file input33.txt (compact mmCIF, C-alpha atoms)
# COMPACT_ATOMS: atom_id res chain seq x y z
CA MET A 1 11.32 -219.86 -4.56
CA ILE A 2 14.64 -218.08 -4.77
CA ASP A 3 17.55 -220.45 -5.17
CA PHE A 4 19.83 -218.80 -2.64
CA ASP A 5 22.50 -221.47 -2.91
CA ARG A 6 22.96 -220.97 -6.63
CA ASP A 7 24.25 -217.45 -6.13
CA THR A 8 26.57 -218.32 -3.28
CA ALA A 9 27.75 -221.80 -4.37
CA LEU A 10 30.78 -220.54 -6.28
CA THR A 11 31.67 -218.06 -3.53
CA THR A 12 31.44 -220.72 -0.82
CA LYS A 13 33.62 -223.20 -2.71
CA MET A 14 36.12 -220.53 -3.64
CA LEU A 15 36.41 -219.25 -0.05
CA ASP A 16 36.95 -222.81 1.20
CA ALA A 17 39.68 -223.38 -1.38
CA LEU A 18 41.38 -220.05 -0.59
CA ASP A 19 41.27 -220.67 3.16
CA MET A 20 42.87 -224.06 2.60
CA ARG A 21 45.52 -222.52 0.34
CA VAL A 22 46.37 -219.83 2.86
CA ARG A 23 46.69 -222.38 5.66
CA ALA A 24 48.92 -224.50 3.40
CA SER A 25 51.06 -221.44 2.66
CA MET A 26 51.38 -220.61 6.35
CA HIS A 27 52.37 -224.21 7.00
CA ASN A 28 55.01 -223.95 4.25
CA ILE A 29 56.37 -220.72 5.74
CA ALA A 30 56.45 -222.27 9.22
CA ASN A 31 58.46 -225.17 7.77
CA GLN A 32 60.98 -223.13 5.77
CA ASN A 33 63.78 -224.44 8.01
CA THR A 34 62.57 -228.04 8.38
CA PRO A 35 65.04 -230.45 6.76
CA GLY A 36 63.54 -232.42 3.86
CA PHE A 37 60.17 -230.64 3.99
CA LYS A 38 58.15 -230.73 0.76
CA ARG A 39 55.72 -227.89 0.30
CA TYR A 40 51.93 -228.21 0.08
CA VAL A 41 50.09 -227.00 -3.01
CA VAL A 42 46.30 -226.49 -3.13
CA ARG A 43 44.82 -226.75 -6.62
CA PHE A 44 41.32 -225.50 -7.37
CA GLU A 45 40.91 -222.91 -10.15
CA GLU A 46 42.18 -225.07 -13.00
CA LEU A 47 40.07 -228.00 -11.79
CA LEU A 48 37.03 -225.70 -11.77
CA ARG A 49 37.84 -224.48 -15.27
CA GLU A 50 38.14 -228.06 -16.56
CA ARG A 51 34.89 -229.07 -14.85
CA LEU A 52 32.99 -226.11 -16.28
CA ALA A 53 34.39 -226.83 -19.76
CA ASP A 54 33.04 -230.39 -19.44
CA GLY A 55 29.60 -228.98 -18.70
CA GLY A 56 29.76 -229.75 -14.97
CA GLY A 57 28.86 -227.48 -12.08
CA VAL A 58 30.69 -225.85 -9.20
CA GLN A 59 29.24 -228.43 -6.81
CA ASP A 60 31.30 -231.23 -8.36
CA VAL A 61 34.68 -229.58 -7.76
CA GLU A 62 36.71 -229.92 -4.57
CA PRO A 63 40.05 -228.28 -3.80
CA VAL A 64 42.89 -230.79 -4.02
CA VAL A 65 45.80 -230.77 -1.57
CA GLU A 66 49.03 -231.97 -3.13
CA ARG A 67 52.53 -232.49 -1.85
CA ASP A 68 55.40 -231.21 -3.94
CA THR A 69 57.77 -234.07 -4.84
CA SER A 70 60.55 -232.20 -6.62
CA GLY A 71 64.16 -232.15 -5.45
CA ASP A 72 66.24 -234.60 -3.44
CA PRO A 73 64.64 -236.37 -0.44
CA GLY A 74 66.53 -234.19 2.04
CA GLN A 75 65.92 -230.94 0.19
CA ASN A 76 63.49 -228.33 1.49
CA THR A 77 61.38 -227.01 -1.41
CA VAL A 78 59.88 -223.92 0.26
CA SER A 79 60.51 -220.61 -1.49
CA ILE A 80 59.59 -217.80 0.89
CA VAL A 81 59.05 -215.39 -2.02
CA ASP A 82 56.59 -217.73 -3.74
CA GLU A 83 54.69 -218.39 -0.52
CA THR A 84 54.37 -214.69 0.25
CA ALA A 85 53.09 -214.09 -3.28
CA THR A 86 50.59 -216.94 -2.92
CA LEU A 87 49.41 -215.50 0.40
CA ASP A 88 48.89 -212.00 -1.01
CA LYS A 89 47.14 -213.28 -4.15
CA ALA A 90 44.82 -215.40 -2.03
CA ARG A 91 44.09 -212.43 0.21
CA LEU A 92 43.02 -210.28 -2.75
CA VAL A 93 40.80 -212.96 -4.28
CA TYR A 94 39.35 -213.66 -0.81
CA ASP A 95 38.43 -209.97 -0.59
CA VAL A 96 36.75 -210.10 -4.01
CA MET A 97 34.78 -213.23 -3.14
CA THR A 98 33.56 -211.90 0.21
CA ARG A 99 32.46 -208.66 -1.47
CA ARG A 100 30.63 -210.78 -4.04
CA ALA A 101 28.81 -212.66 -1.27
CA GLY A 102 28.09 -209.39 0.49
CA SER A 103 26.42 -207.94 -2.59
CA VAL A 104 24.13 -210.97 -2.77
CA PHE A 105 23.15 -210.44 0.87
CA LYS A 106 22.55 -206.74 0.21
CA LEU A 107 20.32 -207.64 -2.70
CA MET A 108 18.32 -210.04 -0.52
CA ASN A 109 18.05 -207.39 2.15
CA SER A 110 16.62 -204.81 -0.24
CA ALA A 111 14.22 -207.40 -1.70
CA VAL A 112 12.89 -208.41 1.72
CA PHE A 113 13.00 -205.15 3.66
CA GLY A 114 13.10 -202.62 0.82
CA ARG A 115 16.27 -200.96 2.09
CA MET B 1 34.09 -227.64 4.41
CA ALA B 2 33.79 -230.54 6.81
CA MET B 3 32.02 -228.93 9.76
CA THR B 4 32.52 -231.60 12.37
CA GLY B 5 32.99 -230.76 16.02
CA ASP B 6 34.01 -227.22 16.84
CA PRO B 7 32.88 -224.98 13.97
CA MET B 8 35.47 -222.31 14.79
CA ARG B 9 38.33 -224.79 14.71
CA GLY B 10 38.99 -224.24 11.02
CA VAL B 11 39.15 -220.49 11.50
CA PHE B 12 41.61 -220.46 14.36
CA GLN B 13 43.75 -223.27 13.02
CA GLY B 14 45.41 -220.76 10.68
CA PHE B 15 46.60 -218.72 13.64
CA ASP B 16 47.87 -221.85 15.37
CA ILE B 17 50.01 -222.74 12.35
CA ALA B 18 51.68 -219.32 12.28
CA ALA B 19 52.03 -219.36 16.09
CA ALA B 20 53.78 -222.73 15.90
CA GLY B 21 56.22 -221.25 13.39
CA LEU B 22 56.88 -218.25 15.62
CA ARG B 23 57.41 -220.48 18.66
CA ALA B 24 59.89 -222.70 16.82
CA GLU B 25 61.90 -219.77 15.46
CA MET B 26 61.91 -218.19 18.92
CA MET B 27 63.36 -221.42 20.35
CA ARG B 28 66.07 -221.40 17.67
CA GLY B 29 66.85 -217.80 18.52
CA GLU B 30 67.16 -218.68 22.22
CA ILE B 31 69.60 -221.49 21.48
CA THR B 32 71.65 -219.20 19.24
CA ALA B 33 71.70 -216.57 21.99
CA ALA B 34 72.83 -219.25 24.46
CA ASN B 35 75.65 -220.17 22.05
CA ILE B 36 76.84 -216.57 21.90
CA GLY B 37 76.47 -216.13 25.64
CA ASN B 38 78.59 -219.19 26.41
CA MET B 39 81.19 -218.83 23.68
CA HIS B 40 83.91 -217.88 26.17
CA ARG B 41 83.32 -220.81 28.52
CA THR B 42 86.64 -222.55 28.32
CA GLY B 43 87.72 -226.00 29.42
CA ASN B 44 90.52 -228.54 29.17
CA VAL B 45 91.01 -232.25 28.61
CA HIS B 46 89.34 -233.04 31.93
CA ARG B 47 86.46 -230.58 31.78
CA GLU B 48 84.70 -229.96 28.48
CA PRO B 49 84.28 -226.36 27.25
CA TYR B 50 80.89 -225.13 26.02
CA ARG B 51 79.66 -227.16 23.09
CA ARG B 52 77.72 -225.37 20.32
CA ARG B 53 74.03 -226.36 20.10
CA THR B 54 71.76 -226.53 17.09
CA VAL B 55 67.98 -226.90 16.77
CA GLU B 56 66.26 -229.40 14.48
CA PHE B 57 62.74 -228.71 13.22
CA ALA B 58 60.09 -231.26 12.29
CA GLU B 59 56.83 -230.79 10.43
CA LEU B 60 53.64 -231.02 12.52
CA LEU B 61 50.51 -232.71 11.13
CA ASP B 62 47.22 -232.92 12.99
CA ARG B 63 46.27 -236.33 11.63
CA VAL B 64 48.18 -239.57 11.42
CA ASP B 65 46.91 -240.63 7.99
CA ALA B 66 48.10 -237.34 6.51
CA ALA B 67 51.62 -238.72 6.54
CA ARG B 68 50.65 -241.07 3.71
CA ASP B 69 49.99 -238.09 1.43
CA LEU B 70 46.65 -239.13 0.02
CA PRO B 71 45.62 -236.88 -2.87
CA GLY B 72 42.68 -234.62 -2.05
CA GLY B 73 40.96 -234.55 1.28
CA GLU B 74 41.25 -232.09 4.13
CA LEU B 75 44.51 -230.34 4.80
CA ALA B 76 46.29 -231.73 7.86
CA ALA B 77 48.87 -228.95 8.19
CA ALA B 78 49.55 -227.92 11.78
CA GLY B 79 52.82 -225.99 11.48
CA VAL B 80 56.19 -226.93 12.88
CA ALA B 81 57.80 -227.99 16.15
CA VAL B 82 61.29 -228.29 17.56
CA LYS B 83 62.16 -231.97 17.21
CA ALA B 84 65.52 -232.03 18.92
CA ILE B 85 68.38 -229.90 20.18
CA HIS B 86 71.71 -231.29 19.06
CA GLU B 87 75.19 -230.73 20.41
CA ASP B 88 77.84 -230.06 17.79
CA ARG B 89 80.20 -233.05 18.06
CA VAL B 90 81.77 -232.50 14.64
CA THR B 91 83.49 -229.14 15.03
CA GLU B 92 86.62 -229.51 17.16
CA PHE B 93 87.43 -227.31 20.13
CA PRO B 94 90.12 -224.74 19.33
CA ARG B 95 93.23 -225.09 21.50
CA PHE B 96 95.29 -222.14 22.63
CA ARG B 97 98.23 -221.73 24.97
CA SER B 98 97.60 -219.57 27.98
CA PRO B 99 99.68 -220.51 31.03
CA GLY B 100 98.17 -219.21 34.23
CA HIS B 101 94.63 -219.51 32.88
CA PRO B 102 92.36 -221.23 35.45
CA ASP B 103 91.51 -223.92 32.87
CA ALA B 104 95.07 -224.43 31.64
CA ASP B 105 96.53 -227.93 31.89
CA GLU B 106 100.09 -228.79 33.02
CA ASP B 107 101.57 -227.52 29.73
CA GLY B 108 99.46 -224.35 29.66
CA TRP B 109 96.94 -225.43 27.01
CA VAL B 110 93.31 -224.33 27.21
CA LEU B 111 90.39 -225.62 25.14
CA GLY B 112 87.99 -222.99 23.81
CA SER B 113 84.33 -223.42 22.90
CA ASN B 114 83.53 -224.55 19.34
CA VAL B 115 81.08 -221.68 18.86
CA ASP B 116 81.84 -219.58 15.77
CA VAL B 117 80.45 -216.17 16.67
CA PHE B 118 80.13 -215.01 13.06
CA GLN B 119 78.15 -218.12 12.13
CA GLU B 120 75.85 -217.48 15.09
CA LEU B 121 75.33 -213.85 14.07
CA VAL B 122 74.45 -214.90 10.51
CA ASP B 123 72.04 -217.51 11.92
CA LEU B 124 70.46 -214.86 14.13
CA ALA B 125 69.82 -212.62 11.09
CA ALA B 126 68.25 -215.58 9.24
CA ILE B 127 66.07 -216.44 12.25
CA GLU B 128 64.84 -212.85 12.37
CA ARG B 129 63.78 -213.08 8.71
CA SER B 130 61.99 -216.39 9.30
CA PHE B 131 60.24 -214.98 12.34
CA GLU B 132 59.05 -211.96 10.37
CA ALA B 133 57.78 -214.19 7.55
CA ASN B 134 55.61 -216.11 10.01
CA LEU B 135 54.41 -212.87 11.54
CA ALA B 136 53.52 -211.46 8.11
CA ALA B 137 51.58 -214.63 7.30
CA MET B 138 49.62 -214.31 10.54
CA ARG B 139 48.87 -210.67 9.80
CA THR B 140 47.67 -211.50 6.27
CA TYR B 141 45.37 -214.19 7.64
CA ARG B 142 43.91 -211.77 10.19
CA THR B 143 43.31 -209.13 7.50
CA MET B 144 41.51 -211.74 5.42
CA LEU B 145 39.15 -212.73 8.20
CA GLN B 146 38.58 -209.13 9.22
CA SER B 147 37.70 -208.01 5.68
CA SER B 148 35.34 -210.96 5.27
CA LEU B 149 33.41 -209.80 8.33
CA VAL B 150 33.06 -206.29 6.89
CA ASN B 151 32.38 -207.34 3.30
CA MET B 152 29.71 -209.93 4.06
CA ARG B 153 27.67 -207.78 6.41
CA GLY B 154 25.02 -207.42 3.73

call {"tool": "encode", "arguments": {"input": "input33.txt", "output": "structure tokens"}}
result
Amino acid sequence: MIDFDRDTALTTKMLDALDMRVRASMHNIANQNTPGFKRYVVRFEELLRERLADGGGVQDVEPVVERDTSGDPGQNTVSIVDETATLDKARLVYDVMTRRAGSVFKLMNSAVFGR
Amino acid sequence: MAMTGDPMRGVFQGFDIAAAGLRAEMMRGEITAANIGNMHRTGNVHREPYRRRTVEFAELLDRVDAARDLPGGELAAAGVAVKAIHEDRVTEFPRFRSPGHPDADEDGWVLGSNVDVFQELVDLAAIERSFEANLAAMRTYRTMLQSSLVNMRG
């Protein structure tokens, strides 16, 4: 029995985390002129690294949504440059991960149909 | 991902966030345009001249408990909305003497609007930048989804 989930588990988790991060970034950009808005941060990669170092698996890691608390209460903490960079980085990694998933599907296709 | 209810909801939510940002910036632009359009509407002590308006934004969340900022969990971000439109009651109306003006009082004084045209023009440039940032975010999101369709075809 081929463990299909094992090959796609990391990709699935990563895509979920990236989608969440991109939505958080878009929310931050939409709120760049909202008084007192504190930006959202989605953490995943470093949590995954820690978990893997502890001998855990991808399944045990979930992306964590955090609210920035820096600055005065009325201060908006959105930096449009940082958010744009986050968006573009996420887009590139998203592309890599979807290609990775695609190659698994291609492999399955050639195994089953021989093409 | 929590796949409850509409499975496509998560996908299109990203577009809704950017659309909310665009809508809010558009509203701000309209108010700024109204300020510039009415900047010459004069008045006097009896009849108020045009008062400058400003837009206040508020963050939009799609769940009530999200306001408590619990660590982890699903993202409740839903963009931004116009919370209120304020009238500028701080800046005073400029007063100038113009006898014969339809709005002039007995001594020939006229009250002008408290719109500062240069401030409005600067605001308009800033709004344009904000609008473009939201548009770029929407475009990036679309590219992401599009490439995932192509890449994962197998």

call {"tool": "atom_distance", "arguments": {"input": "input33.txt", "atom1": "CA of Ala125 in chain B", "atom2": "CA of Arg39 in chain A"}}
result
23.4 Å

call {"tool": "residues_near_point", "arguments": {"input": "input33.txt", "point": "(37.7, -224.1, -8.5)", "cutoff": "7 Å", "atoms": "only C-alpha atoms", "output": "VMD selection string"}}
result
chain A and resid 14 44 to 49 61 63

call {"tool": "atom_distance", "arguments": {"input": "input33.txt", "atom1": "CA of Leu22 in chain B", "atom2": "CA of Gly36 in chain A"}}
result
19.6 Å

call {"tool": "closest_residue", "arguments": {"input": "input33.txt", "among": "B:Ala18, B:Ala104, B:Met39, B:Ile85", "to": "Phe118 in chain B", "atoms": "all atoms listed in the file"}}
result
B:Met39

call {"tool": "closest_residue", "arguments": {"input": "input33.txt", "among": "A:Val104, A:Leu92, A:Leu10, A:Ala111", "to": "Gly57 in chain A", "atoms": "only C-alpha atoms"}}
result
A:Leu10

call {"tool": "residues_near_point", "arguments": {"input": "input33.txt", "point": "(52.6, -210.5, 9.0)", "cutoff": "12 Å", "atoms": "all atoms listed in the file", "output": "list in words"}}
result
Met26, Ile29, Thr84, Leu87 and Asp88 of chain A; Phe15, Ala18, Ala19, Leu22, Arg129, Ser130, Phe131, Glu132, Ala133, Asn134, Leu135, Ala136, Ala137, Met138, Arg139, Thr140, Tyr141, Arg142, Thr143 and Met144 of chain B

call {"tool": "atom_distance", "arguments": {"input": "input33.txt", "atom1": "CA of Met152 in chain B", "atom2": "CA of Phe105 in chain A"}}
result
7.3 Å

call {"tool": "closest_atom_pairs", "arguments": {"input": "input33.txt", "of": "chain A", "to": "chain B", "cutoff": "9 Å", "atoms": "only C-alpha atoms", "output": "tab-separated table"}}
result
residue	atom	partner	partner_atom	distance
A:Lys13	CA	B:Met1	CA	8.4
A:Asp16	CA	B:Met1	CA	6.5
A:Asp19	CA	B:Gly14	CA	8.6
A:Met20	CA	B:Leu75	CA	6.9
A:Val22	CA	B:Tyr141	CA	7.5
A:Arg23	CA	B:Gly14	CA	5.4
A:Ala24	CA	B:Ala77	CA	6.5
A:Ser25	CA	B:Ala137	CA	8.3
A:Met26	CA	B:Ala137	CA	6.1
A:His27	CA	B:Gly79	CA	4.8
A:Asn28	CA	B:Gly79	CA	7.8
A:Ile29	CA	B:Asn134	CA	6.3
A:Ala30	CA	B:Gly21	CA	4.3
A:Asn31	CA	B:Val80	CA	5.9
A:Gln32	CA	B:Ser130	CA	7.7
A:Asn33	CA	B:Phe57	CA	6.8
A:Thr34	CA	B:Phe57	CA	4.9
A:Pro35	CA	B:Phe57	CA	7.1
A:Phe37	CA	B:Glu59	CA	7.3
A:Tyr40	CA	B:Ala77	CA	8.7
A:Val42	CA	B:Gly72	CA	9.0
A:Glu62	CA	B:Gly72	CA	8.0
A:Pro63	CA	B:Gly72	CA	7.1
A:Val64	CA	B:Gly72	CA	4.3
A:Val65	CA	B:Gly72	CA	5.0
A:Glu66	CA	B:Pro71	CA	6.0
A:Arg67	CA	B:Asp69	CA	7.0
A:Ile80	CA	B:Ala133	CA	7.8
A:Thr84	CA	B:Ala137	CA	7.6
A:Leu87	CA	B:Ala137	CA	7.3
A:Asp88	CA	B:Thr140	CA	7.4
A:Ala90	CA	B:Met144	CA	8.9
A:Arg91	CA	B:Met144	CA	5.9
A:Leu92	CA	B:Met144	CA	8.4
A:Tyr94	CA	B:Met144	CA	6.9
A:Asp95	CA	B:Ser147	CA	6.6
A:Val96	CA	B:Asn151	CA	9.0
A:Met97	CA	B:Ser148	CA	8.7
A:Thr98	CA	B:Ser148	CA	5.4
A:Arg99	CA	B:Asn151	CA	4.9
A:Arg100	CA	B:Met152	CA	8.2
A:Ala101	CA	B:Met152	CA	6.1
A:Gly102	CA	B:Met152	CA	4.0
A:Ser103	CA	B:Gly154	CA	6.5
A:Val104	CA	B:Gly154	CA	7.5
A:Phe105	CA	B:Gly154	CA	4.6
A:Lys106	CA	B:Gly154	CA	4.4
A:Leu107	CA	B:Gly154	CA	8.0
A:Met108	CA	B:Gly154	CA	8.4
A:Asn109	CA	B:Gly154	CA	7.1

call {"tool": "residues_around", "arguments": {"input": "input33.txt", "residues": "range 92-103 of chain B", "least_positions_apart": "2", "cutoff": "12 Å", "atoms": "only C-alpha atoms", "output": "ChimeraX atom specification"}}
result
/B:39-52,87-90,105-116

call {"tool": "build_atoms", "arguments": {"input": "input33.txt", "residues": "range 68-92 of chain A", "atoms": "N, CA, C and O atoms", "output": "mmCIF file, in the frame of the given file"}}
result
data_model
loop_
_atom_site.group_PDB
_atom_site.id
_atom_site.type_symbol
_atom_site.label_atom_id
_atom_site.label_comp_id
_atom_site.auth_asym_id
_atom_site.auth_seq_id
_atom_site.Cartn_x
_atom_site.Cartn_y
_atom_site.Cartn_z
ATOM 1 N N ASP A 68 54.345 -231.360 -2.948
ATOM 2 C CA ASP A 68 55.400 -231.210 -3.940
ATOM 3 C C ASP A 68 56.391 -232.365 -3.796
ATOM 4 O O ASP A 68 56.738 -232.752 -2.687
ATOM 5 N N THR A 69 56.838 -232.928 -4.935
ATOM 6 C CA THR A 69 57.770 -234.070 -4.840
ATOM 7 C C THR A 69 59.108 -233.757 -5.488
ATOM 8 O O THR A 69 59.944 -234.647 -5.613
ATOM 9 N N SER A 70 59.313 -232.516 -5.913
ATOM 10 C CA SER A 70 60.550 -232.200 -6.620
ATOM 11 C C SER A 70 61.739 -232.175 -5.658
ATOM 12 O O SER A 70 61.581 -232.089 -4.439
ATOM 13 N N GLY A 71 62.932 -232.259 -6.236
ATOM 14 C CA GLY A 71 64.160 -232.150 -5.450
ATOM 15 C C GLY A 71 64.572 -233.458 -4.786
ATOM 16 O O GLY A 71 63.853 -234.454 -4.833
ATOM 17 N N ASP A 72 65.731 -233.427 -4.149
ATOM 18 C CA ASP A 72 66.240 -234.600 -3.440
ATOM 19 C C ASP A 72 65.397 -234.839 -2.191
ATOM 20 O O ASP A 72 64.735 -233.928 -1.702
ATOM 21 N N PRO A 73 65.435 -236.073 -1.638
ATOM 22 C CA PRO A 73 64.640 -236.370 -0.440
ATOM 23 C C PRO A 73 64.940 -235.438 0.734
ATOM 24 O O PRO A 73 64.038 -235.066 1.476
ATOM 25 N N GLY A 74 66.197 -235.037 0.902
ATOM 26 C CA GLY A 74 66.530 -234.190 2.040
ATOM 27 C C GLY A 74 66.380 -232.705 1.786
ATOM 28 O O GLY A 74 66.620 -231.892 2.661
ATOM 29 N N GLN A 75 65.948 -232.358 0.572
ATOM 30 C CA GLN A 75 65.920 -230.940 0.190
ATOM 31 C C GLN A 75 64.604 -230.290 0.569
ATOM 32 O O GLN A 75 63.536 -230.839 0.316
ATOM 33 N N ASN A 76 64.678 -229.118 1.156
ATOM 34 C CA ASN A 76 63.490 -228.330 1.490
ATOM 35 C C ASN A 76 63.081 -227.537 0.248
ATOM 36 O O ASN A 76 63.899 -226.856 -0.357
ATOM 37 N N THR A 77 61.802 -227.631 -0.149
ATOM 38 C CA THR A 77 61.380 -227.010 -1.410
ATOM 39 C C THR A 77 60.590 -225.719 -1.219
ATOM 40 O O THR A 77 59.943 -225.252 -2.145
ATOM 41 N N VAL A 78 60.636 -225.149 0.005
ATOM 42 C CA VAL A 78 59.880 -223.920 0.260
ATOM 43 C C VAL A 78 60.644 -222.715 -0.285
ATOM 44 O O VAL A 78 61.837 -222.557 -0.007
ATOM 45 N N SER A 79 59.957 -221.896 -1.063
ATOM 46 C CA SER A 79 60.510 -220.610 -1.490
ATOM 47 C C SER A 79 59.683 -219.529 -0.808
ATOM 48 O O SER A 79 58.494 -219.391 -1.074
ATOM 49 N N ILE A 80 60.324 -218.776 0.076
ATOM 50 C CA ILE A 80 59.590 -217.800 0.890
ATOM 51 C C ILE A 80 58.954 -216.724 0.019
ATOM 52 O O ILE A 80 57.866 -216.228 0.318
ATOM 53 N N VAL A 81 59.593 -216.397 -1.105
ATOM 54 C CA VAL A 81 59.050 -215.390 -2.020
ATOM 55 C C VAL A 81 57.754 -215.892 -2.647
ATOM 56 O O VAL A 81 56.740 -215.186 -2.688
ATOM 57 N N ASP A 82 57.783 -217.148 -3.120
ATOM 58 C CA ASP A 82 56.590 -217.730 -3.740
ATOM 59 C C ASP A 82 55.432 -217.818 -2.749
ATOM 60 O O ASP A 82 54.281 -217.548 -3.086
ATOM 61 N N GLU A 83 55.749 -218.224 -1.524
ATOM 62 C CA GLU A 83 54.690 -218.390 -0.520
ATOM 63 C C GLU A 83 54.063 -217.044 -0.164
ATOM 64 O O GLU A 83 52.840 -216.943 -0.008
ATOM 65 N N THR A 84 54.903 -216.019 -0.050
ATOM 66 C CA THR A 84 54.370 -214.690 0.250
ATOM 67 C C THR A 84 53.478 -214.204 -0.884
ATOM 68 O O THR A 84 52.405 -213.624 -0.649
ATOM 69 N N ALA A 85 53.899 -214.467 -2.126
ATOM 70 C CA ALA A 85 53.090 -214.090 -3.280
ATOM 71 C C ALA A 85 51.759 -214.831 -3.278
ATOM 72 O O ALA A 85 50.692 -214.237 -3.506
ATOM 73 N N THR A 86 51.815 -216.136 -2.988
ATOM 74 C CA THR A 86 50.590 -216.940 -2.920
ATOM 75 C C THR A 86 49.640 -216.389 -1.865
ATOM 76 O O THR A 86 48.433 -216.272 -2.090
ATOM 77 N N LEU A 87 50.213 -216.043 -0.695
ATOM 78 C CA LEU A 87 49.410 -215.500 0.400
ATOM 79 C C LEU A 87 48.699 -214.218 -0.023
ATOM 80 O O LEU A 87 47.497 -214.057 0.200
ATOM 81 N N ASP A 88 49.465 -213.298 -0.652
ATOM 82 C CA ASP A 88 48.890 -212.000 -1.010
ATOM 83 C C ASP A 88 47.849 -212.145 -2.112
ATOM 84 O O ASP A 88 46.814 -211.476 -2.076
ATOM 85 N N LYS A 89 48.124 -213.030 -3.079
ATOM 86 C CA LYS A 89 47.140 -213.280 -4.150
ATOM 87 C C LYS A 89 45.843 -213.810 -3.549
ATOM 88 O O LYS A 89 44.751 -213.338 -3.863
ATOM 89 N N ALA A 90 45.994 -214.794 -2.662
ATOM 90 C CA ALA A 90 44.820 -215.400 -2.030
ATOM 91 C C ALA A 90 44.032 -214.360 -1.244
ATOM 92 O O ALA A 90 42.799 -214.352 -1.252
ATOM 93 N N ARG A 91 44.751 -213.464 -0.591
ATOM 94 C CA ARG A 91 44.090 -212.430 0.210
ATOM 95 C C ARG A 91 43.229 -211.521 -0.670
ATOM 96 O O ARG A 91 42.093 -211.185 -0.312
ATOM 97 N N LEU A 92 43.767 -211.155 -1.826
ATOM 98 C CA LEU A 92 43.020 -210.280 -2.750
ATOM 99 C C LEU A 92 41.771 -210.982 -3.279
ATOM 100 O O LEU A 92 40.675 -210.410 -3.275
#
